[in-house]
$ cat model-v6.csv   # CSV, C-alpha atoms
chain,number,residue,atom,x,y,z
A,1,MET,CA,-85.3,76.2,84.7
A,2,ALA,CA,-82.6,77.6,86.8
A,3,THR,CA,-80.3,75.9,89.3
A,4,VAL,CA,-79.5,77.6,92.5
A,5,SER,CA,-76.5,76.5,94.5
A,6,LEU,CA,-75.8,77.8,98.0
A,7,THR,CA,-72.5,77.7,99.8
A,8,ASP,CA,-70.8,79.4,102.7
A,9,ALA,CA,-74.1,79.2,104.7
A,10,SER,CA,-75.6,77.6,107.7
A,11,LYS,CA,-78.3,75.1,107.0
A,12,GLU,CA,-80.8,77.6,108.5
A,13,ASP,CA,-79.7,80.3,106.2
A,14,ALA,CA,-79.9,77.9,103.2
A,15,ALA,CA,-83.4,76.9,104.3
A,16,THR,CA,-84.4,80.6,104.5
A,17,VAL,CA,-83.1,81.4,101.0
A,18,PHE,CA,-84.8,78.3,99.5
A,19,GLY,CA,-88.0,79.1,101.4
A,20,VAL,CA,-88.1,82.6,99.7
A,21,LEU,CA,-87.7,81.1,96.3
A,22,ARG,CA,-90.3,78.3,97.0
A,23,ILE,CA,-92.9,80.9,97.7
A,24,GLY,CA,-92.8,82.2,94.1
A,25,PHE,CA,-91.4,79.4,92.0
A,26,PRO,CA,-92.0,75.7,91.5
A,27,THR,CA,-89.0,73.6,92.5
A,28,ASP,CA,-87.8,70.0,92.1
A,29,ARG,CA,-87.6,69.6,95.9
A,30,PRO,CA,-90.5,68.5,98.1
A,31,ALA,CA,-92.0,71.1,100.5
A,32,ASP,CA,-90.7,69.3,103.5
A,33,ASP,CA,-87.1,69.0,102.1
A,34,ILE,CA,-84.8,71.1,104.3
A,35,PRO,CA,-81.0,71.4,104.0
A,36,GLN,CA,-79.1,68.9,106.2
A,37,GLU,CA,-75.5,69.1,107.2
A,38,GLN,CA,-73.3,66.2,106.4
A,39,PRO,CA,-70.7,64.9,108.8
A,40,GLY,CA,-67.1,65.7,108.2
A,41,ASP,CA,-65.0,68.8,107.4
A,42,GLN,CA,-66.4,69.3,103.9
A,43,SER,CA,-68.2,72.6,103.3
A,44,ALA,CA,-71.8,72.0,102.2
A,45,VAL,CA,-73.3,72.9,98.9
A,46,TRP,CA,-77.1,72.9,98.7
A,47,THR,CA,-78.7,72.9,95.2
A,48,ALA,CA,-82.3,73.1,93.9
A,49,GLU,CA,-83.9,73.8,90.6
A,50,PHE,CA,-86.6,76.4,90.1
A,51,GLU,CA,-89.0,77.0,87.3
A,52,PRO,CA,-89.6,80.7,86.3
A,53,THR,CA,-93.3,81.8,86.3
A,54,GLN,CA,-95.1,84.8,84.8
A,55,GLU,CA,-96.2,85.9,88.2
A,56,TRP,CA,-94.5,85.3,91.5
A,57,VAL,CA,-95.3,86.4,95.0
A,58,PRO,CA,-92.6,88.6,96.5
A,59,THR,CA,-91.8,88.3,100.2
A,60,GLY,CA,-90.6,91.0,102.5
A,61,PRO,CA,-87.1,91.3,103.7
A,62,MET,CA,-85.8,88.2,105.4
A,63,GLN,CA,-83.2,87.8,108.2
A,64,LEU,CA,-80.1,85.7,107.7
A,65,GLU,CA,-77.7,84.7,110.5
A,66,GLY,CA,-74.7,85.4,108.2
A,67,THR,CA,-74.0,85.7,104.5
A,68,VAL,CA,-74.7,83.2,101.8
A,69,THR,CA,-73.0,82.7,98.5
A,70,ALA,CA,-75.5,81.9,95.8
A,71,THR,CA,-74.9,80.8,92.2
A,72,LEU,CA,-77.8,81.1,89.8
A,73,GLN,CA,-77.5,79.2,86.5
A,74,GLY,CA,-80.0,78.8,83.7
A,75,SER,CA,-81.9,80.6,81.0
A,76,TYR,CA,-81.7,84.4,81.0
A,77,VAL,CA,-85.4,84.8,82.0
A,78,ALA,CA,-85.2,82.2,84.8
A,79,VAL,CA,-82.0,83.7,86.3
A,80,ASP,CA,-83.4,87.3,86.1
A,81,GLN,CA,-86.6,86.3,87.8
A,82,LEU,CA,-84.8,84.5,90.6
A,83,ARG,CA,-82.4,87.4,91.1
A,84,GLU,CA,-85.4,89.8,91.3
A,85,ALA,CA,-87.0,87.6,94.0
A,86,LEU,CA,-83.7,87.5,96.0
A,87,ASP,CA,-83.3,91.3,95.6
A,88,VAL,CA,-86.6,91.9,97.3
A,89,ALA,CA,-85.8,89.6,100.3
A,90,PHE,CA,-82.1,90.1,100.8
A,91,ALA,CA,-79.2,92.6,100.4
A,92,VAL,CA,-77.6,91.3,97.2
A,93,GLN,CA,-74.1,91.9,96.0
A,94,GLU,CA,-73.2,90.7,92.5
A,95,ARG,CA,-69.8,89.0,92.5
A,96,GLY,CA,-69.6,87.9,88.9
A,97,THR,CA,-71.4,86.8,85.8
A,98,ALA,CA,-70.9,84.6,82.8
A,99,SER,CA,-73.1,84.6,79.7
A,100,GLY,CA,-73.6,82.2,76.8
A,101,ASP,CA,-76.0,81.9,73.9
A,102,GLN,CA,-78.8,80.3,75.9
A,103,GLU,CA,-77.7,80.5,79.5
A,104,LYS,CA,-76.1,82.7,82.1
A,105,GLU,CA,-74.6,82.3,85.5
A,106,VAL,CA,-74.6,84.9,88.2
A,107,ASP,CA,-72.6,84.7,91.5
A,108,LEU,CA,-74.2,86.6,94.4
A,109,ARG,CA,-73.5,87.3,98.0
A,110,LEU,CA,-76.7,87.5,100.1
A,111,GLY,CA,-77.1,89.2,103.4
A,112,THR,CA,-79.8,90.8,105.6
A,113,LYS,CA,-81.1,94.1,104.3
A,114,GLN,CA,-80.3,97.0,106.6
A,115,ARG,CA,-83.3,98.9,107.8
$ encode --input "model-v6.csv" --output "structure tokens"
Amino acid sequence: MATVSLTDASKEDAATVFGVLRIGFPTDRPADDIPQEQPGDQSAVWTAEFEPTQEWVPTGPMQLEGTVTATLQGSYVAVDQLREALDVAFAVQERGTASGDQEKEVDLRLGTKQR
């Protein structure tokens, strides 16, 4: 399993990123679960867990309104598979990593791929 946390994003962009990941990986969220903004001045953090699979269905490039900060945390295999799926759909800039014995964490900045 790997946890994906999204920040600095509109609810529409968060839904787009989670939609890409749902296509290829089982998640802990129901299919009709879409990100909702909460009232107040707090910035939103959207989180979901995804299970790596041997075969996933890649999507084509996807459009985002802005940029999204994504943190992937989990087993090496799960994080690498999720990162690969995001690389196919978005322009990905790695902002940092942390590794341990069993898990790793990767901080990414996602944007729309330039054509």
$ residues_around --input "model-v6.csv" --residues "region 41-53 of chain A" --least-positions-apart "3" --cutoff "9 Å" --atoms "only C-alpha atoms" --output "PyMOL selection string"
chain A and resi 1-11+14+18+21-22+24-29+35-38+56+77-79+81-82
$ closest_residue --input "model-v6.csv" --among "A:Leu64, A:Val106, A:Val20, A:Gln54" --to "Leu86 (chain A)" --atoms "all atoms listed in the file"
A:Val20
$ residues_around --input "model-v6.csv" --residues "Gly100 (chain A)" --least-positions-apart "5" --cutoff "12 Å" --atoms "all atoms listed in the file" --output "ChimeraX atom specification"
/A:73-76,105-106
$ atom_distance --input "model-v6.csv" --atom1 "CA of Ala91 (chain A)" --atom2 "CA of Pro61 (chain A)"
8.7 Å
$ atom_distance --input "model-v6.csv" --atom1 "CA of Arg109 (chain A)" --atom2 "CA of Glu55 (chain A)"
24.8 Å
$ closest_residue --input "model-v6.csv" --among "A:Thr97, A:Val17, A:Glu12, A:Asp80" --to "Met62 (chain A)" --atoms "only C-alpha atoms"
A:Val17
$ residues_around --input "model-v6.csv" --residues "Gln93 (chain A)" --least-positions-apart "2" --cutoff "9 Å" --atoms "all atoms listed in the file" --output "list of chain:residue names"
A:Ala91, A:Arg95, A:Asp107, A:Leu108, A:Arg109, A:Leu110, A:Gly111
$ atom_distance --input "model-v6.csv" --atom1 "CA of Gln114 (chain A)" --atom2 "CA of Phe90 (chain A)"
9.2 Å
$ closest_residue --input "model-v6.csv" --among "A:Pro58, A:Leu72, A:Gly96, A:Gln63" --to "Ile23 (chain A)" --atoms "only C-alpha atoms"
A:Pro58
$ closest_residue --input "model-v6.csv" --among "A:Val92, A:Ala15, A:Ala85, A:Ala98" --to "Glu65 (chain A)" --atoms "all atoms listed in the file"
A:Ala15
$ closest_residue --input "model-v6.csv" --among "A:Arg83, A:Thr67, A:Gly60, A:Thr16" --to "Lys104 (chain A)" --atoms "only C-alpha atoms"
A:Arg83
$ decode --input "model-v6.csv" --residues "region 59-78 of chain A" --atoms "N, CA, C and O atoms" --output "PDB file, in the first residue's frame"
ATOM      1  N   THR A  59      -2.776   6.084 -18.433  1.00  0.00           N
ATOM      2  CA  THR A  59      -3.625   7.057 -19.100  1.00  0.00           C
ATOM      3  C   THR A  59      -2.746   7.912 -20.001  1.00  0.00           C
ATOM      4  O   THR A  59      -1.526   7.845 -19.942  1.00  0.00           O
ATOM      5  N   GLY A  60      -3.370   8.740 -20.776  1.00  0.00           N
ATOM      6  CA  GLY A  60      -2.619   9.720 -21.545  1.00  0.00           C
ATOM      7  C   GLY A  60      -2.377  10.943 -20.693  1.00  0.00           C
ATOM      8  O   GLY A  60      -2.772  10.992 -19.519  1.00  0.00           O
ATOM      9  N   PRO A  61      -1.723  11.962 -21.256  1.00  0.00           N
ATOM     10  CA  PRO A  61      -1.504  13.196 -20.502  1.00  0.00           C
ATOM     11  C   PRO A  61      -2.833  13.829 -20.078  1.00  0.00           C
ATOM     12  O   PRO A  61      -3.803  13.806 -20.828  1.00  0.00           O
ATOM     13  N   MET A  62      -2.854  14.357 -18.876  1.00  0.00           N
ATOM     14  CA  MET A  62      -4.056  14.975 -18.315  1.00  0.00           C
ATOM     15  C   MET A  62      -3.811  16.456 -18.042  1.00  0.00           C
ATOM     16  O   MET A  62      -2.700  16.853 -17.684  1.00  0.00           O
ATOM     17  N   GLN A  63      -4.849  17.237 -18.166  1.00  0.00           N
ATOM     18  CA  GLN A  63      -4.795  18.688 -17.962  1.00  0.00           C
ATOM     19  C   GLN A  63      -5.087  19.025 -16.496  1.00  0.00           C
ATOM     20  O   GLN A  63      -6.034  18.507 -15.916  1.00  0.00           O
ATOM     21  N   LEU A  64      -4.268  19.895 -15.921  1.00  0.00           N
ATOM     22  CA  LEU A  64      -4.503  20.441 -14.583  1.00  0.00           C
ATOM     23  C   LEU A  64      -4.698  21.944 -14.705  1.00  0.00           C
ATOM     24  O   LEU A  64      -4.086  22.592 -15.555  1.00  0.00           O
ATOM     25  N   GLU A  65      -5.519  22.500 -13.829  1.00  0.00           N
ATOM     26  CA  GLU A  65      -5.719  23.952 -13.806  1.00  0.00           C
ATOM     27  C   GLU A  65      -4.484  24.679 -13.290  1.00  0.00           C
ATOM     28  O   GLU A  65      -4.186  25.782 -13.698  1.00  0.00           O
ATOM     29  N   GLY A  66      -3.808  24.063 -12.362  1.00  0.00           N
ATOM     30  CA  GLY A  66      -2.612  24.656 -11.758  1.00  0.00           C
ATOM     31  C   GLY A  66      -1.606  23.569 -11.481  1.00  0.00           C
ATOM     32  O   GLY A  66      -1.514  22.595 -12.217  1.00  0.00           O
ATOM     33  N   THR A  67      -0.848  23.724 -10.402  1.00  0.00           N
ATOM     34  CA  THR A  67       0.085  22.684  -9.995  1.00  0.00           C
ATOM     35  C   THR A  67      -0.435  22.028  -8.719  1.00  0.00           C
ATOM     36  O   THR A  67      -1.248  22.602  -8.002  1.00  0.00           O
ATOM     37  N   VAL A  68       0.043  20.834  -8.475  1.00  0.00           N
ATOM     38  CA  VAL A  68      -0.374  20.046  -7.321  1.00  0.00           C
ATOM     39  C   VAL A  68       0.871  19.516  -6.619  1.00  0.00           C
ATOM     40  O   VAL A  68       1.782  19.011  -7.269  1.00  0.00           O
ATOM     41  N   THR A  69       0.908  19.633  -5.303  1.00  0.00           N
ATOM     42  CA  THR A  69       1.964  19.021  -4.523  1.00  0.00           C
ATOM     43  C   THR A  69       1.473  17.652  -4.081  1.00  0.00           C
ATOM     44  O   THR A  69       0.391  17.539  -3.501  1.00  0.00           O
ATOM     45  N   ALA A  70       2.251  16.612  -4.395  1.00  0.00           N
ATOM     46  CA  ALA A  70       1.871  15.244  -4.048  1.00  0.00           C
ATOM     47  C   ALA A  70       2.971  14.611  -3.217  1.00  0.00           C
ATOM     48  O   ALA A  70       4.149  14.715  -3.554  1.00  0.00           O
ATOM     49  N   THR A  71       2.577  13.952  -2.139  1.00  0.00           N
ATOM     50  CA  THR A  71       3.504  13.176  -1.323  1.00  0.00           C
ATOM     51  C   THR A  71       3.079  11.725  -1.402  1.00  0.00           C
ATOM     52  O   THR A  71       1.928  11.393  -1.104  1.00  0.00           O
ATOM     53  N   LEU A  72       4.000  10.873  -1.851  1.00  0.00           N
ATOM     54  CA  LEU A  72       3.756   9.435  -1.934  1.00  0.00           C
ATOM     55  C   LEU A  72       4.549   8.771  -0.825  1.00  0.00           C
ATOM     56  O   LEU A  72       5.745   9.024  -0.683  1.00  0.00           O
ATOM     57  N   GLN A  73       3.892   7.911  -0.045  1.00  0.00           N
ATOM     58  CA  GLN A  73       4.576   7.251   1.065  1.00  0.00           C
ATOM     59  C   GLN A  73       4.118   5.811   1.147  1.00  0.00           C
ATOM     60  O   GLN A  73       2.916   5.543   1.145  1.00  0.00           O
ATOM     61  N   GLY A  74       5.073   4.894   1.187  1.00  0.00           N
ATOM     62  CA  GLY A  74       4.737   3.488   1.313  1.00  0.00           C
ATOM     63  C   GLY A  74       5.913   2.617   0.924  1.00  0.00           C
ATOM     64  O   GLY A  74       7.060   3.065   0.944  1.00  0.00           O
ATOM     65  N   SER A  75       5.613   1.381   0.546  1.00  0.00           N
ATOM     66  CA  SER A  75       6.675   0.456   0.158  1.00  0.00           C
ATOM     67  C   SER A  75       7.360   0.972  -1.104  1.00  0.00           C
ATOM     68  O   SER A  75       6.781   1.725  -1.884  1.00  0.00           O
ATOM     69  N   TYR A  76       8.580   0.544  -1.303  1.00  0.00           N
ATOM     70  CA  TYR A  76       9.340   0.978  -2.474  1.00  0.00           C
ATOM     71  C   TYR A  76       8.597   0.645  -3.769  1.00  0.00           C
ATOM     72  O   TYR A  76       8.494   1.476  -4.669  1.00  0.00           O
ATOM     73  N   VAL A  77       8.072  -0.569  -3.872  1.00  0.00           N
ATOM     74  CA  VAL A  77       7.374  -1.001  -5.083  1.00  0.00           C
ATOM     75  C   VAL A  77       6.128  -0.150  -5.312  1.00  0.00           C
ATOM     76  O   VAL A  77       5.882   0.330  -6.425  1.00  0.00           O
ATOM     77  N   ALA A  78       5.342   0.059  -4.285  1.00  0.00           N
ATOM     78  CA  ALA A  78       4.101   0.823  -4.428  1.00  0.00           C
ATOM     79  C   ALA A  78       4.388   2.266  -4.831  1.00  0.00           C
ATOM     80  O   ALA A  78       3.755   2.807  -5.747  1.00  0.00           O
TER      81      ALA A  78
END
